Amino acid sequence: MSAAAIMQTIVAPAGEAPAMVDEPVPLTVRRARKGDRRAFEQLYREHVGQVYGLCLRMTGEPAEAEDCAQEAFIQAWRKLGQFRGDAAFGTWLHRIAVNAVLARRRRAKPEDPLDERAELRAVPESASDQRDLETAIASLPEGARHVFVLHAVYGYTHDEAAGMLGIASGTSKAQLHRARTLLAERLGFAGADGKT
Amino acid sequence: MDNQEEKRARAEAELDRRIAGLARDVAPDRDLWPDIEARLDEQEHAAPSRYGWWGAAAAALAVAALLPLLLREAPDAVVPVSDDVPMATVPETTAPRAIVPEATIPVETSPGMPASGIDTSAQRLRLRNAAVTSVRPGPEYDEARAELLELLEERLEGLAPEEREIVVRNIEAIRGALEEIDTALQDNPDDPLLQELMLKTYQTELDVMARVNGLAGPARRRTDL
Amino acid sequence: MNTKTFMLLIAAMLPLAAHADRDVDRTLPSSGVKEVRISNTSGSVEVTGADGDEIRVTGRIEEDVEELVIEKDGTVLAIEVKIDASRHGRTRASAELRVGMPADLALTVIGTSADIEVDGIRGEQRLKSVSGDVRTEIWSQPLDAETVSGDLRVKGHGETSRLRLAAVSGDVDAEAVAGELEAKSVSGDLVIEADGLDRGRFESTSGDVIAEIALERGGRIEAESVSGDVELTLGGDVDAEIDVSSFSGRIDNCFGPKPERKSRYAPGSELRFTHGEGRGDIRVKTLSGDVELCNR
């Protein structure tokens, strides 16, 4: 805070809001942070579609995705105090959801190689073209699928996606290329490559 | 070659078009909120139901050494910064060296407390005590705890009901933790990790009571200044 | 306040006669003052550090506040919201106080249910609230902050300091701190981001400990939790002996060595290894909480 800002705070007439650090945290989030369940439910209603969509596409399993979405909201409730408002609330939630996916994945790893169950994966209900694409996404190898979902579907940059997944940005780019190539093959288009 | 390039570009465009058409929102088949809410409740009320104590000669000694600090009167509304003694902390102690089972001694921490208890919070605090029977630290510990508890009951009176509930629930959670460790200790009595965690958790309970007493005290005292 | 040797009543005995909310605006010279102590039962206290040599108290107090006492006692300036004992329990007794003061003075704030927000104070701070949130920033001077159900948020500026942060159900969140840090909560989470920690001690019962830390050479971290998880991310050149044990939680380690079962009969596992030359010391203990140890 600059000296001028401080002086302004001091000389501000009583009753006027002081020139404190801005906190662009939405009111609903602030209410939820204070323990307001209804506010948190409202946040759940607003964001569940995206969080579930992200979980479903990353895990490819509706049951897993439900668990992951639930876990994400429960974690979010516990960690609301950490939400600083420097990213959108939705982005913050997505990070938590991605962590939930990765944590579940780590726990499942030894005896449960999810990757080998690609053919069992569920895809969201949608028109046939989109359904084909969803099926193709679901069949991608895990690393490529995670990057593809975050970058191509949810619009995160490579740096952001890499940060969320704990991988290098270059790996994210390489995985995206791989994902696009595989998708093009599986959808029967020839020639598409990894351009972003 | 050109043809190939063109085909590739068309494929790229088609892929991009389809990707762009993907909905980011996907509604789950069922409403997840009731389950989430139930788990939030669980978290907030998480306090296991079993209870148990262990005894640690070293713990008792450590706690006895802390008595004067723990039982210090709550500070005035404002305390000089230069005062080096922390408000109500429990310093570190060494890990306990021995565990002394004292299975038969009942723990009655605050005998003679007025029956017209403040409210159910105080009753809950004491009820949880009465359930303790297996093993426990020495009498110095009980003494410290009884006094802290007595003061805490008084302090709770000055707090808003929701605040009181939070304090009681957290003390119950600590006691739940003690009990979990106790259960583990019953099968693994020599485990130094469990012994250390038990001691630390005992200290946490005292520390929390002392801190609440310290923090909640000034408000009431302030009116008498 | 009971052993005053010298007391100078400076200002502001605001009588209660008027049963209405009142605005406050007092400016006092800060000469001779080394510490400002503020106490307020409910409402809020916002303190801002400034360059000048004045202390200015502004804000609004509600009708059941008996008086706002501002008095100087030696080098201490006390600002106290007093509530009439006979009116205890009345609901309109909160005060929204804003205090601007020289940045290098020491500060003590006690707020029962008042939120405490401090900006730009470089002196030593003691901030205590029962149910209010406490938010502050620090430089090199020590901080002692406590709440029961409120959250504690501290933003450092990377300078070495000594911090003691204690909550009960609230979360503790410390960012960009260095030096010595003790943080504890019962059910709240501890979220720590420290670059250049000499000594860190984190205790929780059921809350999680999430810490991202660069340890100073020869530094020491101890983290203990009963059922909360401990996630420790180590930055910089990790040079420490690492000792992690959990009775029934899972231990994940990104540094390579795998945890070992402690005994055939108990579920516990432990992980001991040396990274670098082992000059520092990192110990993590949990009962059932999972432990994750990673490098940044």
# chains A, B, ... in the order shown; residues from 1 in each chain; ligands from 1
call {"tool": "interface_residues", "arguments": {"of": "chain C", "to": "chain A", "cutoff": "10 Å", "atoms": "only C-alpha atoms", "output": "PDB file with N, CA, C and O atoms, in the first residue's frame"}}
result
ATOM      1  N   ARG C  22     -22.685   6.377  17.083  1.00  0.00           N
ATOM      2  CA  ARG C  22     -21.889   7.600  16.991  1.00  0.00           C
ATOM      3  C   ARG C  22     -20.682   7.407  16.101  1.00  0.00           C
ATOM      4  O   ARG C  22     -20.088   6.320  16.098  1.00  0.00           O
ATOM      5  N   ASP C  23     -20.300   8.453  15.415  1.00  0.00           N
ATOM      6  CA  ASP C  23     -19.065   8.426  14.647  1.00  0.00           C
ATOM      7  C   ASP C  23     -17.921   8.870  15.544  1.00  0.00           C
ATOM      8  O   ASP C  23     -18.107   9.685  16.435  1.00  0.00           O
ATOM      9  N   VAL C  24     -16.788   8.330  15.274  1.00  0.00           N
ATOM     10  CA  VAL C  24     -15.610   8.663  16.073  1.00  0.00           C
ATOM     11  C   VAL C  24     -14.559   9.215  15.131  1.00  0.00           C
ATOM     12  O   VAL C  24     -14.403   8.698  14.024  1.00  0.00           O
ATOM     13  N   ASP C  25     -13.870  10.221  15.545  1.00  0.00           N
ATOM     14  CA  ASP C  25     -12.745  10.707  14.750  1.00  0.00           C
ATOM     15  C   ASP C  25     -11.796  11.454  15.684  1.00  0.00           C
ATOM     16  O   ASP C  25     -12.071  12.571  16.103  1.00  0.00           O
ATOM     17  N   THR C  27      -7.615  12.369  16.480  1.00  0.00           N
ATOM     18  CA  THR C  27      -6.230  12.310  16.023  1.00  0.00           C
ATOM     19  C   THR C  27      -5.322  12.690  17.185  1.00  0.00           C
ATOM     20  O   THR C  27      -5.581  13.669  17.880  1.00  0.00           O
ATOM     21  N   GLU C  46      -9.624  -2.284  12.054  1.00  0.00           N
ATOM     22  CA  GLU C  46      -8.738  -2.228  10.893  1.00  0.00           C
ATOM     23  C   GLU C  46      -7.599  -1.273  11.221  1.00  0.00           C
ATOM     24  O   GLU C  46      -7.830  -0.134  11.604  1.00  0.00           O
ATOM     25  N   VAL C  47      -6.402  -1.768  11.098  1.00  0.00           N
ATOM     26  CA  VAL C  47      -5.246  -0.939  11.440  1.00  0.00           C
ATOM     27  C   VAL C  47      -4.375  -0.796  10.202  1.00  0.00           C
ATOM     28  O   VAL C  47      -4.114  -1.779   9.506  1.00  0.00           O
ATOM     29  N   THR C  48      -3.947   0.411   9.945  1.00  0.00           N
ATOM     30  CA  THR C  48      -3.101   0.651   8.781  1.00  0.00           C
ATOM     31  C   THR C  48      -1.851   1.417   9.201  1.00  0.00           C
ATOM     32  O   THR C  48      -1.939   2.391   9.935  1.00  0.00           O
ATOM     33  N   GLY C  49      -0.734   0.966   8.722  1.00  0.00           N
ATOM     34  CA  GLY C  49       0.521   1.661   9.018  1.00  0.00           C
ATOM     35  C   GLY C  49       0.717   2.820   8.063  1.00  0.00           C
ATOM     36  O   GLY C  49       0.408   2.710   6.880  1.00  0.00           O
ATOM     37  N   ALA C  50       1.225   3.931   8.596  1.00  0.00           N
ATOM     38  CA  ALA C  50       1.411   5.115   7.758  1.00  0.00           C
ATOM     39  C   ALA C  50       2.755   5.756   8.081  1.00  0.00           C
ATOM     40  O   ALA C  50       3.432   5.366   9.023  1.00  0.00           O
ATOM     41  N   ASP C  51       3.131   6.752   7.278  1.00  0.00           N
ATOM     42  CA  ASP C  51       4.430   7.392   7.456  1.00  0.00           C
ATOM     43  C   ASP C  51       4.451   8.476   8.530  1.00  0.00           C
ATOM     44  O   ASP C  51       5.485   8.793   9.072  1.00  0.00           O
ATOM     45  N   GLY C  52       3.321   9.060   8.790  1.00  0.00           N
ATOM     46  CA  GLY C  52       3.302  10.267   9.634  1.00  0.00           C
ATOM     47  C   GLY C  52       3.608  10.006  11.095  1.00  0.00           C
ATOM     48  O   GLY C  52       4.066   8.928  11.485  1.00  0.00           O
ATOM     49  N   GLU C  54       1.234  10.621  13.542  1.00  0.00           N
ATOM     50  CA  GLU C  54      -0.055  10.766  14.203  1.00  0.00           C
ATOM     51  C   GLU C  54      -0.739   9.412  14.326  1.00  0.00           C
ATOM     52  O   GLU C  54      -0.478   8.500  13.545  1.00  0.00           O
ATOM     53  N   ILE C  55      -1.610   9.341  15.295  1.00  0.00           N
ATOM     54  CA  ILE C  55      -2.452   8.149  15.410  1.00  0.00           C
ATOM     55  C   ILE C  55      -3.882   8.636  15.256  1.00  0.00           C
ATOM     56  O   ILE C  55      -4.324   9.528  15.983  1.00  0.00           O
ATOM     57  N   ARG C  56      -4.552   8.089  14.292  1.00  0.00           N
ATOM     58  CA  ARG C  56      -5.908   8.560  14.061  1.00  0.00           C
ATOM     59  C   ARG C  56      -6.897   7.413  14.230  1.00  0.00           C
ATOM     60  O   ARG C  56      -6.722   6.346  13.647  1.00  0.00           O
ATOM     61  N   VAL C  57      -7.893   7.657  15.021  1.00  0.00           N
ATOM     62  CA  VAL C  57      -8.911   6.636  15.280  1.00  0.00           C
ATOM     63  C   VAL C  57     -10.220   7.138  14.687  1.00  0.00           C
ATOM     64  O   VAL C  57     -10.730   8.184  15.083  1.00  0.00           O
ATOM     65  N   THR C  58     -10.747   6.397  13.733  1.00  0.00           N
ATOM     66  CA  THR C  58     -12.041   6.767  13.171  1.00  0.00           C
ATOM     67  C   THR C  58     -12.945   5.547  13.227  1.00  0.00           C
ATOM     68  O   THR C  58     -12.492   4.446  13.516  1.00  0.00           O
ATOM     69  N   GLY C  59     -14.187   5.758  12.925  1.00  0.00           N
ATOM     70  CA  GLY C  59     -15.090   4.619  12.877  1.00  0.00           C
ATOM     71  C   GLY C  59     -16.445   4.961  13.444  1.00  0.00           C
ATOM     72  O   GLY C  59     -16.806   6.128  13.597  1.00  0.00           O
ATOM     73  N   ARG C  60     -17.169   3.911  13.767  1.00  0.00           N
ATOM     74  CA  ARG C  60     -18.532   4.096  14.243  1.00  0.00           C
ATOM     75  C   ARG C  60     -18.781   3.129  15.387  1.00  0.00           C
ATOM     76  O   ARG C  60     -18.414   1.962  15.314  1.00  0.00           O
ATOM     77  N   GLU C  96     -16.959  -0.380  14.849  1.00  0.00           N
ATOM     78  CA  GLU C  96     -16.102  -0.548  13.672  1.00  0.00           C
ATOM     79  C   GLU C  96     -15.000   0.488  13.837  1.00  0.00           C
ATOM     80  O   GLU C  96     -15.253   1.681  13.686  1.00  0.00           O
ATOM     81  N   LEU C  97     -13.831   0.026  14.161  1.00  0.00           N
ATOM     82  CA  LEU C  97     -12.738   0.978  14.414  1.00  0.00           C
ATOM     83  C   LEU C  97     -11.716   0.919  13.298  1.00  0.00           C
ATOM     84  O   LEU C  97     -11.340  -0.164  12.840  1.00  0.00           O
ATOM     85  N   ARG C  98     -11.249   2.094  12.905  1.00  0.00           N
ATOM     86  CA  ARG C  98     -10.131   2.137  11.956  1.00  0.00           C
ATOM     87  C   ARG C  98      -9.035   2.982  12.589  1.00  0.00           C
ATOM     88  O   ARG C  98      -9.287   4.089  13.053  1.00  0.00           O
ATOM     89  N   VAL C  99      -7.883   2.401  12.622  1.00  0.00           N
ATOM     90  CA  VAL C  99      -6.783   3.108  13.267  1.00  0.00           C
ATOM     91  C   VAL C  99      -5.650   3.249  12.271  1.00  0.00           C
ATOM     92  O   VAL C  99      -5.195   2.258  11.685  1.00  0.00           O
ATOM     93  N   GLY C 100      -5.203   4.473  12.062  1.00  0.00           N
ATOM     94  CA  GLY C 100      -4.016   4.706  11.247  1.00  0.00           C
ATOM     95  C   GLY C 100      -2.897   5.079  12.201  1.00  0.00           C
ATOM     96  O   GLY C 100      -3.108   5.876  13.122  1.00  0.00           O
ATOM     97  N   MET C 101      -1.750   4.463  12.061  1.00  0.00           N
ATOM     98  CA  MET C 101      -0.671   4.724  13.025  1.00  0.00           C
ATOM     99  C   MET C 101       0.680   4.573  12.351  1.00  0.00           C
ATOM    100  O   MET C 101       0.775   3.946  11.292  1.00  0.00           O
ATOM    101  N   GLU C 117      -8.051  -6.669  10.984  1.00  0.00           N
ATOM    102  CA  GLU C 117      -7.391  -6.579   9.688  1.00  0.00           C
ATOM    103  C   GLU C 117      -6.270  -5.553   9.798  1.00  0.00           C
ATOM    104  O   GLU C 117      -6.498  -4.410  10.177  1.00  0.00           O
ATOM    105  N   VAL C 118      -5.069  -5.972   9.517  1.00  0.00           N
ATOM    106  CA  VAL C 118      -3.916  -5.087   9.702  1.00  0.00           C
ATOM    107  C   VAL C 118      -3.132  -4.990   8.403  1.00  0.00           C
ATOM    108  O   VAL C 118      -2.835  -6.011   7.776  1.00  0.00           O
ATOM    109  N   ASP C 119      -2.824  -3.789   8.010  1.00  0.00           N
ATOM    110  CA  ASP C 119      -2.025  -3.579   6.804  1.00  0.00           C
ATOM    111  C   ASP C 119      -0.863  -2.651   7.096  1.00  0.00           C
ATOM    112  O   ASP C 119      -1.044  -1.617   7.732  1.00  0.00           O
ATOM    113  N   GLY C 120       0.290  -3.038   6.620  1.00  0.00           N
ATOM    114  CA  GLY C 120       1.418  -2.112   6.627  1.00  0.00           C
ATOM    115  C   GLY C 120       2.023  -1.814   7.981  1.00  0.00           C
ATOM    116  O   GLY C 120       2.696  -0.799   8.133  1.00  0.00           O
ATOM    117  N   ASP C 133     -12.139 -13.152  12.296  1.00  0.00           N
ATOM    118  CA  ASP C 133     -11.016 -13.503  11.431  1.00  0.00           C
ATOM    119  C   ASP C 133      -9.871 -12.527  11.704  1.00  0.00           C
ATOM    120  O   ASP C 133     -10.104 -11.363  12.010  1.00  0.00           O
ATOM    121  N   GLY C 150     -12.207 -18.183  14.217  1.00  0.00           N
ATOM    122  CA  GLY C 150     -11.903 -17.365  13.051  1.00  0.00           C
ATOM    123  C   GLY C 150     -10.733 -17.950  12.283  1.00  0.00           C
ATOM    124  O   GLY C 150     -10.037 -18.833  12.766  1.00  0.00           O
ATOM    125  N   ASP C 151     -10.544 -17.459  11.076  1.00  0.00           N
ATOM    126  CA  ASP C 151      -9.393 -17.877  10.291  1.00  0.00           C
ATOM    127  C   ASP C 151      -8.247 -16.894  10.504  1.00  0.00           C
ATOM    128  O   ASP C 151      -8.472 -15.710  10.732  1.00  0.00           O
ATOM    129  N   LEU C 152      -7.044 -17.400  10.381  1.00  0.00           N
ATOM    130  CA  LEU C 152      -5.864 -16.528  10.459  1.00  0.00           C
ATOM    131  C   LEU C 152      -5.208 -16.477   9.091  1.00  0.00           C
ATOM    132  O   LEU C 152      -4.911 -17.526   8.525  1.00  0.00           O
ATOM    133  N   ARG C 153      -5.008 -15.290   8.600  1.00  0.00           N
ATOM    134  CA  ARG C 153      -4.300 -15.190   7.309  1.00  0.00           C
ATOM    135  C   ARG C 153      -3.153 -14.205   7.455  1.00  0.00           C
ATOM    136  O   ARG C 153      -3.348 -13.062   7.840  1.00  0.00           O
ATOM    137  N   GLY C 170     -10.559 -22.656  13.184  1.00  0.00           N
ATOM    138  CA  GLY C 170     -10.263 -21.851  12.013  1.00  0.00           C
ATOM    139  C   GLY C 170      -9.064 -22.373  11.247  1.00  0.00           C
ATOM    140  O   GLY C 170      -8.277 -23.160  11.762  1.00  0.00           O
ATOM    141  N   ASP C 171      -8.963 -21.938  10.003  1.00  0.00           N
ATOM    142  CA  ASP C 171      -7.798 -22.292   9.193  1.00  0.00           C
ATOM    143  C   ASP C 171      -6.678 -21.296   9.456  1.00  0.00           C
ATOM    144  O   ASP C 171      -6.926 -20.137   9.771  1.00  0.00           O
ATOM    145  N   VAL C 172      -5.478 -21.747   9.285  1.00  0.00           N
ATOM    146  CA  VAL C 172      -4.316 -20.865   9.398  1.00  0.00           C
ATOM    147  C   VAL C 172      -3.641 -20.839   8.036  1.00  0.00           C
ATOM    148  O   VAL C 172      -3.348 -21.881   7.464  1.00  0.00           O
ATOM    149  N   ASP C 173      -3.441 -19.669   7.523  1.00  0.00           N
ATOM    150  CA  ASP C 173      -2.895 -19.550   6.184  1.00  0.00           C
ATOM    151  C   ASP C 173      -1.749 -18.546   6.218  1.00  0.00           C
ATOM    152  O   ASP C 173      -1.963 -17.371   6.493  1.00  0.00           O
ATOM    153  N   ALA C 174      -0.552 -19.018   6.014  1.00  0.00           N
ATOM    154  CA  ALA C 174       0.596 -18.103   6.036  1.00  0.00           C
ATOM    155  C   ALA C 174       1.296 -18.165   4.689  1.00  0.00           C
ATOM    156  O   ALA C 174       1.580 -19.238   4.181  1.00  0.00           O
ATOM    157  N   GLY C 188      -9.058 -26.973  11.994  1.00  0.00           N
ATOM    158  CA  GLY C 188      -8.805 -26.154  10.816  1.00  0.00           C
ATOM    159  C   GLY C 188      -7.580 -26.655  10.067  1.00  0.00           C
ATOM    160  O   GLY C 188      -6.777 -27.404  10.607  1.00  0.00           O
ATOM    161  N   ASP C 189      -7.469 -26.246   8.821  1.00  0.00           N
ATOM    162  CA  ASP C 189      -6.303 -26.630   8.029  1.00  0.00           C
ATOM    163  C   ASP C 189      -5.178 -25.620   8.230  1.00  0.00           C
ATOM    164  O   ASP C 189      -5.424 -24.443   8.455  1.00  0.00           O
ATOM    165  N   LEU C 190      -3.962 -26.100   8.106  1.00  0.00           N
ATOM    166  CA  LEU C 190      -2.808 -25.199   8.121  1.00  0.00           C
ATOM    167  C   LEU C 190      -2.275 -25.151   6.702  1.00  0.00           C
ATOM    168  O   LEU C 190      -1.913 -26.185   6.143  1.00  0.00           O
ATOM    169  N   VAL C 191      -2.254 -23.989   6.131  1.00  0.00           N
ATOM    170  CA  VAL C 191      -1.729 -23.856   4.769  1.00  0.00           C
ATOM    171  C   VAL C 191      -0.542 -22.900   4.841  1.00  0.00           C
ATOM    172  O   VAL C 191      -0.697 -21.730   5.159  1.00  0.00           O
ATOM    173  N   GLY C 207      -7.359 -31.336  11.218  1.00  0.00           N
ATOM    174  CA  GLY C 207      -7.165 -30.516  10.026  1.00  0.00           C
ATOM    175  C   GLY C 207      -5.965 -30.993   9.223  1.00  0.00           C
ATOM    176  O   GLY C 207      -5.110 -31.700   9.738  1.00  0.00           O
ATOM    177  N   ASP C 208      -5.937 -30.613   7.960  1.00  0.00           N
ATOM    178  CA  ASP C 208      -4.807 -30.985   7.109  1.00  0.00           C
ATOM    179  C   ASP C 208      -3.675 -29.971   7.256  1.00  0.00           C
ATOM    180  O   ASP C 208      -3.910 -28.803   7.557  1.00  0.00           O
ATOM    181  N   ARG C 250      -1.306 -43.391   4.800  1.00  0.00           N
ATOM    182  CA  ARG C 250      -0.493 -43.801   3.676  1.00  0.00           C
ATOM    183  C   ARG C 250       0.626 -42.778   3.484  1.00  0.00           C
ATOM    184  O   ARG C 250       0.420 -41.587   3.673  1.00  0.00           O
ATOM    185  N   ASP C 252       3.242 -41.201   0.797  1.00  0.00           N
ATOM    186  CA  ASP C 252       3.698 -41.095  -0.595  1.00  0.00           C
ATOM    187  C   ASP C 252       4.938 -40.226  -0.622  1.00  0.00           C
ATOM    188  O   ASP C 252       4.969 -39.169  -0.006  1.00  0.00           O
ATOM    189  N   ARG C 296       9.256 -29.473  -5.229  1.00  0.00           N
ATOM    190  CA  ARG C 296       8.559 -28.532  -6.097  1.00  0.00           C
ATOM    191  C   ARG C 296       9.074 -28.655  -7.519  1.00  0.00           C
ATOM    192  O   ARG C 296      10.246 -28.866  -7.728  1.00  0.00           O
TER     193      ARG C 296
END
call {"tool": "interface_residues", "arguments": {"of": "chain C", "to": "chain B", "cutoff": "8 Å", "atoms": "only C-alpha atoms", "output": "ChimeraX atom specification"}}
result
/C:1,35,37-39,41,82-85,106-110,112,124-126,128-131,147-149,168-169,186-187,205-206,224,226-227,245-247,266,285-287
call {"tool": "residues_around", "arguments": {"residues": "Ala65 of chain A", "least_positions_apart": "3", "cutoff": "7 Å", "atoms": "only C-alpha atoms", "output": "list in words"}}
result
Tyr52, Cys55, Leu56, Thr59, Glu61, Pro62, Cys68 and Ala69 of chain A
call {"tool": "residues_around", "arguments": {"residues": "Arg217 of chain C", "least_positions_apart": "2", "cutoff": "9 Å", "atoms": "only C-alpha atoms", "output": "PDB file with N, CA and C atoms, in the first residue's frame"}}
result
ATOM      1  N   GLY C 196      12.522 -20.094   2.970  1.00  0.00           N
ATOM      2  CA  GLY C 196      13.605 -19.748   3.884  1.00  0.00           C
ATOM      3  C   GLY C 196      13.181 -19.939   5.326  1.00  0.00           C
ATOM      4  N   LEU C 197      12.764 -21.160   5.643  1.00  0.00           N
ATOM      5  CA  LEU C 197      12.304 -21.442   6.994  1.00  0.00           C
ATOM      6  C   LEU C 197      13.463 -22.046   7.798  1.00  0.00           C
ATOM      7  N   ASP C 198      13.716 -21.481   8.981  1.00  0.00           N
ATOM      8  CA  ASP C 198      14.743 -22.054   9.849  1.00  0.00           C
ATOM      9  C   ASP C 198      14.130 -23.145  10.710  1.00  0.00           C
ATOM     10  N   LEU C 215      13.519 -24.909   2.906  1.00  0.00           N
ATOM     11  CA  LEU C 215      14.145 -24.930   4.225  1.00  0.00           C
ATOM     12  C   LEU C 215      15.519 -24.279   4.139  1.00  0.00           C
ATOM     13  N   GLY C 219      17.916 -26.237   8.655  1.00  0.00           N
ATOM     14  CA  GLY C 219      16.599 -25.936   9.221  1.00  0.00           C
ATOM     15  C   GLY C 219      15.859 -27.200   9.649  1.00  0.00           C
ATOM     16  N   ARG C 220      14.775 -26.970  10.356  1.00  0.00           N
ATOM     17  CA  ARG C 220      14.053 -28.113  10.914  1.00  0.00           C
ATOM     18  C   ARG C 220      12.547 -27.905  10.756  1.00  0.00           C
ATOM     19  N   VAL C 238      16.920 -29.489  -1.539  1.00  0.00           N
ATOM     20  CA  VAL C 238      16.506 -30.181  -0.327  1.00  0.00           C
ATOM     21  C   VAL C 238      17.717 -30.882   0.273  1.00  0.00           C
ATOM     22  N   ASP C 239      18.057 -30.500   1.488  1.00  0.00           N
ATOM     23  CA  ASP C 239      19.241 -31.026   2.143  1.00  0.00           C
ATOM     24  C   ASP C 239      18.839 -31.360   3.578  1.00  0.00           C
ATOM     25  N   ALA C 240      18.332 -32.559   3.763  1.00  0.00           N
ATOM     26  CA  ALA C 240      17.786 -32.867   5.084  1.00  0.00           C
ATOM     27  C   ALA C 240      17.693 -34.366   5.311  1.00  0.00           C
ATOM     28  N   ARG C 279      21.672 -32.007   6.171  1.00  0.00           N
ATOM     29  CA  ARG C 279      21.942 -31.004   7.199  1.00  0.00           C
ATOM     30  C   ARG C 279      20.671 -30.561   7.920  1.00  0.00           C
ATOM     31  N   GLY C 280      19.579 -30.547   7.215  1.00  0.00           N
ATOM     32  CA  GLY C 280      18.324 -30.154   7.849  1.00  0.00           C
ATOM     33  C   GLY C 280      17.616 -31.371   8.432  1.00  0.00           C
TER      34      GLY C 280
END
call {"tool": "interface_residues", "arguments": {"of": "chain B", "to": "chain A", "cutoff": "12 Å", "atoms": "only C-alpha atoms", "output": "ChimeraX atom specification"}}
result
/B:3-44,162
call {"tool": "residues_around", "arguments": {"residues": "segment 156-161 of chain A", "least_positions_apart": "6", "cutoff": "12 Å", "atoms": "only C-alpha atoms", "output": "list in words"}}
result
Ala87, Thr91, Trp92, His94, Arg95, Val98, Asn99, Gly143, Ala144, Arg145, His146, Val147, Phe148, Val149, Leu150, Ile167, Ala168, Ser169, Gly170, Thr171, Ser172, Lys173, Ala174, Gln175, Leu176, His177 and Thr196 of chain A
call {"tool": "closest_residue", "arguments": {"among": "C:Val134, C:Ala114, C:Val36, C:Ile61", "to": "Ala166 of chain C", "atoms": "only C-alpha atoms"}}
result
C:Val134
call {"tool": "closest_residue", "arguments": {"among": "C:Thr160, C:Ile116, C:Ala20, C:Gly74", "to": "Ala93 of chain C", "atoms": "only C-alpha atoms"}}
result
C:Ala20
call {"tool": "atom_distance", "arguments": {"atom1": "atom CA of Leu27 of chain A", "atom2": "atom CA of Ser44 of chain C"}}
result
18.5 Å
